[in-house]
Each structure stands twice: as C-alpha cells, then as structure tokens.
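See below for structure.cif, which holds mmCIF, C-alpha atoms, pLDDT in the B column; chains and numbers go by the auth columns.
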```cif
data_entry
#
loop_
_atom_site.group_PDB
_atom_site.id
_atom_site.type_symbol
_atom_site.label_atom_id
_atom_site.label_comp_id
_atom_site.label_asym_id
_atom_site.label_seq_id
_atom_site.Cartn_x
_atom_site.Cartn_y
_atom_site.Cartn_z
_atom_site.B_iso_or_equiv
_atom_site.auth_seq_id
_atom_site.auth_asym_id
ATOM 1 C CA MET A 1 -0.824 -15.381 33.968 46.00 1 A
ATOM 2 C CA THR A 2 -2.012 -18.791 32.860 50.00 2 A
ATOM 3 C CA SER A 3 0.549 -21.321 31.794 49.00 3 A
ATOM 4 C CA ARG A 4 0.343 -22.694 28.295 51.00 4 A
ATOM 5 C CA LYS A 5 1.771 -25.726 26.652 52.00 5 A
ATOM 6 C CA SER A 6 3.657 -24.818 23.517 49.00 6 A
ATOM 7 C CA THR A 7 2.483 -26.787 20.520 46.00 7 A
ATOM 8 C CA ALA A 8 5.374 -25.472 18.456 47.00 8 A
ATOM 9 C CA LYS A 9 7.747 -27.981 20.033 47.00 9 A
ATOM 10 C CA ALA A 10 5.454 -30.995 19.788 47.00 10 A
ATOM 11 C CA THR A 11 7.226 -34.190 18.884 55.00 11 A
ATOM 12 C CA GLY A 12 6.043 -37.496 17.541 60.00 12 A
ATOM 13 C CA SER A 13 4.255 -38.503 14.389 66.00 13 A
ATOM 14 C CA PRO A 14 2.832 -35.830 12.080 65.00 14 A
ATOM 15 C CA CYS A 15 -0.644 -37.104 12.884 75.00 15 A
ATOM 16 C CA LYS A 16 -0.112 -36.610 16.635 81.00 16 A
ATOM 17 C CA TRP A 17 1.355 -33.187 16.053 77.00 17 A
ATOM 18 C CA SER A 18 -1.616 -32.225 13.894 83.00 18 A
ATOM 19 C CA GLU A 19 -4.043 -33.379 16.582 89.00 19 A
ATOM 20 C CA ARG A 20 -2.208 -31.338 19.229 91.00 20 A
ATOM 21 C CA LEU A 21 -2.443 -28.235 17.064 92.00 21 A
ATOM 22 C CA LYS A 22 -6.156 -28.841 16.490 93.00 22 A
ATOM 23 C CA ASP A 23 -6.657 -29.256 20.223 95.00 23 A
ATOM 24 C CA GLU A 24 -4.867 -25.957 20.827 96.00 24 A
ATOM 25 C CA VAL A 25 -7.071 -24.143 18.311 96.00 25 A
ATOM 26 C CA TYR A 26 -10.235 -25.582 19.879 96.00 26 A
ATOM 27 C CA ARG A 27 -8.967 -24.712 23.368 97.00 27 A
ATOM 28 C CA GLN A 28 -8.369 -21.109 22.331 96.00 28 A
ATOM 29 C CA MET A 29 -11.796 -20.940 20.662 96.00 29 A
ATOM 30 C CA TYR A 30 -13.329 -22.043 23.947 97.00 30 A
ATOM 31 C CA ARG A 31 -11.320 -19.398 25.852 96.00 31 A
ATOM 32 C CA LEU A 32 -12.542 -16.739 23.425 96.00 32 A
ATOM 33 C CA GLU A 33 -16.137 -17.867 23.892 95.00 33 A
ATOM 34 C CA ALA A 34 -15.597 -17.531 27.639 95.00 34 A
ATOM 35 C CA SER A 35 -14.331 -13.944 27.116 93.00 35 A
ATOM 36 C CA ARG A 36 -10.923 -14.680 28.625 95.00 36 A
ATOM 37 C CA PRO A 37 -8.418 -11.832 28.389 93.00 37 A
ATOM 38 C CA GLY A 38 -5.983 -12.223 25.504 93.00 38 A
ATOM 39 C CA ALA A 39 -7.963 -15.037 23.906 95.00 39 A
ATOM 40 C CA GLU A 40 -8.152 -13.258 20.531 95.00 40 A
ATOM 41 C CA ALA A 41 -4.379 -13.138 20.184 96.00 41 A
ATOM 42 C CA ALA A 42 -3.948 -16.672 21.523 96.00 42 A
ATOM 43 C CA LEU A 43 -6.425 -18.022 18.944 97.00 43 A
ATOM 44 C CA ALA A 44 -4.693 -16.123 16.138 96.00 44 A
ATOM 45 C CA ILE A 45 -1.324 -17.549 17.209 96.00 45 A
ATOM 46 C CA ALA A 46 -2.729 -21.083 17.426 96.00 46 A
ATOM 47 C CA LEU A 47 -4.124 -20.721 13.894 95.00 47 A
ATOM 48 C CA LEU A 48 -0.800 -19.458 12.580 94.00 48 A
ATOM 49 C CA ARG A 49 1.015 -22.400 14.144 93.00 49 A
ATOM 50 C CA ALA A 50 -1.475 -24.785 12.557 92.00 50 A
ATOM 51 C CA TRP A 51 -1.056 -23.156 9.125 90.00 51 A
ATOM 52 C CA ILE A 52 2.719 -23.305 9.343 90.00 52 A
ATOM 53 C CA ALA A 53 2.562 -26.956 10.368 86.00 53 A
ATOM 54 C CA SER A 54 0.143 -27.757 7.539 84.00 54 A
ATOM 55 C CA GLY A 55 2.885 -26.829 5.078 81.00 55 A
ATOM 56 C CA ALA A 56 5.380 -29.136 6.743 75.00 56 A
ATOM 57 C CA GLU A 57 6.600 -32.237 4.990 66.00 57 A
ATOM 58 C CA GLY A 58 4.597 -35.315 5.901 67.00 58 A
ATOM 59 C CA GLU A 59 1.573 -33.336 7.107 63.00 59 A
ATOM 60 C CA MET A 60 -1.789 -34.927 6.493 70.00 60 A
ATOM 61 C CA PRO A 61 -3.971 -33.387 3.713 77.00 61 A
ATOM 62 C CA GLN A 62 -6.919 -33.543 6.130 80.00 62 A
ATOM 63 C CA SER A 63 -5.192 -30.908 8.265 83.00 63 A
ATOM 64 C CA HIS A 64 -5.258 -28.427 5.406 85.00 64 A
ATOM 65 C CA GLU A 65 -8.930 -29.200 4.739 89.00 65 A
ATOM 66 C CA TRP A 66 -9.723 -28.744 8.429 91.00 66 A
ATOM 67 C CA LEU A 67 -7.924 -25.386 8.459 93.00 67 A
ATOM 68 C CA MET A 68 -9.885 -24.216 5.412 93.00 68 A
ATOM 69 C CA LYS A 69 -13.097 -24.956 7.319 95.00 69 A
ATOM 70 C CA ILE A 70 -12.121 -23.689 10.778 95.00 70 A
ATOM 71 C CA CYS A 71 -10.285 -20.468 9.850 95.00 71 A
ATOM 72 C CA PRO A 72 -13.340 -18.494 8.683 95.00 72 A
ATOM 73 C CA ILE A 73 -15.113 -19.425 11.913 96.00 73 A
ATOM 74 C CA CYS A 74 -12.127 -18.376 14.026 95.00 74 A
ATOM 75 C CA ILE A 75 -11.673 -15.125 12.139 95.00 75 A
ATOM 76 C CA GLU A 76 -15.324 -14.258 12.672 96.00 76 A
ATOM 77 C CA MET A 77 -15.007 -15.081 16.371 95.00 77 A
ATOM 78 C CA ILE A 78 -11.920 -12.872 16.701 95.00 78 A
ATOM 79 C CA GLU A 79 -13.548 -9.985 14.833 94.00 79 A
ATOM 80 C CA ASP A 80 -16.739 -10.254 16.903 94.00 80 A
ATOM 81 C CA ALA A 81 -14.765 -10.293 20.146 91.00 81 A
ATOM 82 C CA MET A 82 -12.748 -7.275 19.060 89.00 82 A
ATOM 83 C CA ASN A 83 -15.918 -5.383 18.087 89.00 83 A
ATOM 84 C CA VAL A 84 -17.493 -6.139 21.467 81.00 84 A
ATOM 85 C CA SER A 85 -14.313 -5.013 23.193 67.00 85 A
ATOM 86 C CA ASP A 86 -14.243 -1.757 21.199 66.00 86 A
ATOM 87 C CA THR A 87 -17.915 -1.116 21.978 67.00 87 A
ATOM 88 C CA ASP A 88 -17.327 -1.716 25.694 66.00 88 A
ATOM 89 C CA LYS A 89 -14.431 0.776 25.671 64.00 89 A
ATOM 90 C CA ARG A 90 -16.555 3.425 23.946 63.00 90 A
ATOM 91 C CA CYS A 91 -19.432 2.924 26.399 68.00 91 A
ATOM 92 C CA ALA A 92 -17.085 3.268 29.376 64.00 92 A
ATOM 93 C CA GLN A 93 -15.898 6.691 28.239 60.00 93 A
#
```

Please render this file's structure as structure tokens.
Amino acid sequence: MTSRKSTAKATGSPCKWSERLKDEVYRQMYRLEASRPGAEAALAIALLRAWIASGAEGEMPQSHEWLMKICPICIEMIEDAMNVSDTDKRCAQ
C-alpha cells in the first residue's frame, strides 16, 4: 500500500493550504491517468477535501473558481476510468 500525506491536517496560511489541496488533486489525477489501483476513489476524496476547504473562513475565492473548472474534468476522468474497469471485468468473464 502506498503511503499518502494527508492534506486534511495541513497547517499554515490559507493560501498554502489551498495549494497543497490543489497539488493533491493534480497528483491523484496523474495516478488515475496512470491507471493506478484505487485512483478513482483517491481523486474523489481529494476533490471532496478541496470543496470542504473552499468553504472555510479565509479561503481564497480563486480556489472556488479553480474547483468549478477542475471538477467537471475530474468527474469525467473518474467516470471514464470506471467504465473502462467495468468493460474489462465483462470481457474477462
């Protein structure tokens, strides 16, 4: 099992925290592109953490704008990966 750094406990300025969450989302997108096991769930969790943080007091408005742009892309990636996975399972039977 690969070790992960938890972005939920990030400390520091809101800007730094926001950048760490963005990095985590991009990292999970890359893992999904590389067809790593569990990447769909990890990307979904990273997005949820980013959305929760975007509602936090002192969060930058740019973070919300970024999420509005990146979420549709991530959702499409997750759905595509799940469809490929389902197709592979059906072909194996």

> Quick one: which residues end up in the PyMOL selection byres ((chain A and resi 77) around 12) for this structure, as a ChimeraX atom specification?
Replying inline: /A:28-35,39-41,43-44,70-76,78-84

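Here CA of Lys69 in chain A stands at a distance of 16.1 Å from CA of Ala53 in chain A.
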
>> Which residues, named as in the file, does the PyMOL selection byres ((chain A and resi 63-67) around 8) pick out? Answer as a PyMOL selection string.
In response: chain A and resi 18+50-51+54+59-62+68-71

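For the atom pair formed by CA of Gly38 in chain A and CA of Leu21 in chain A, the distance is 18.4 Å, given to one decimal.
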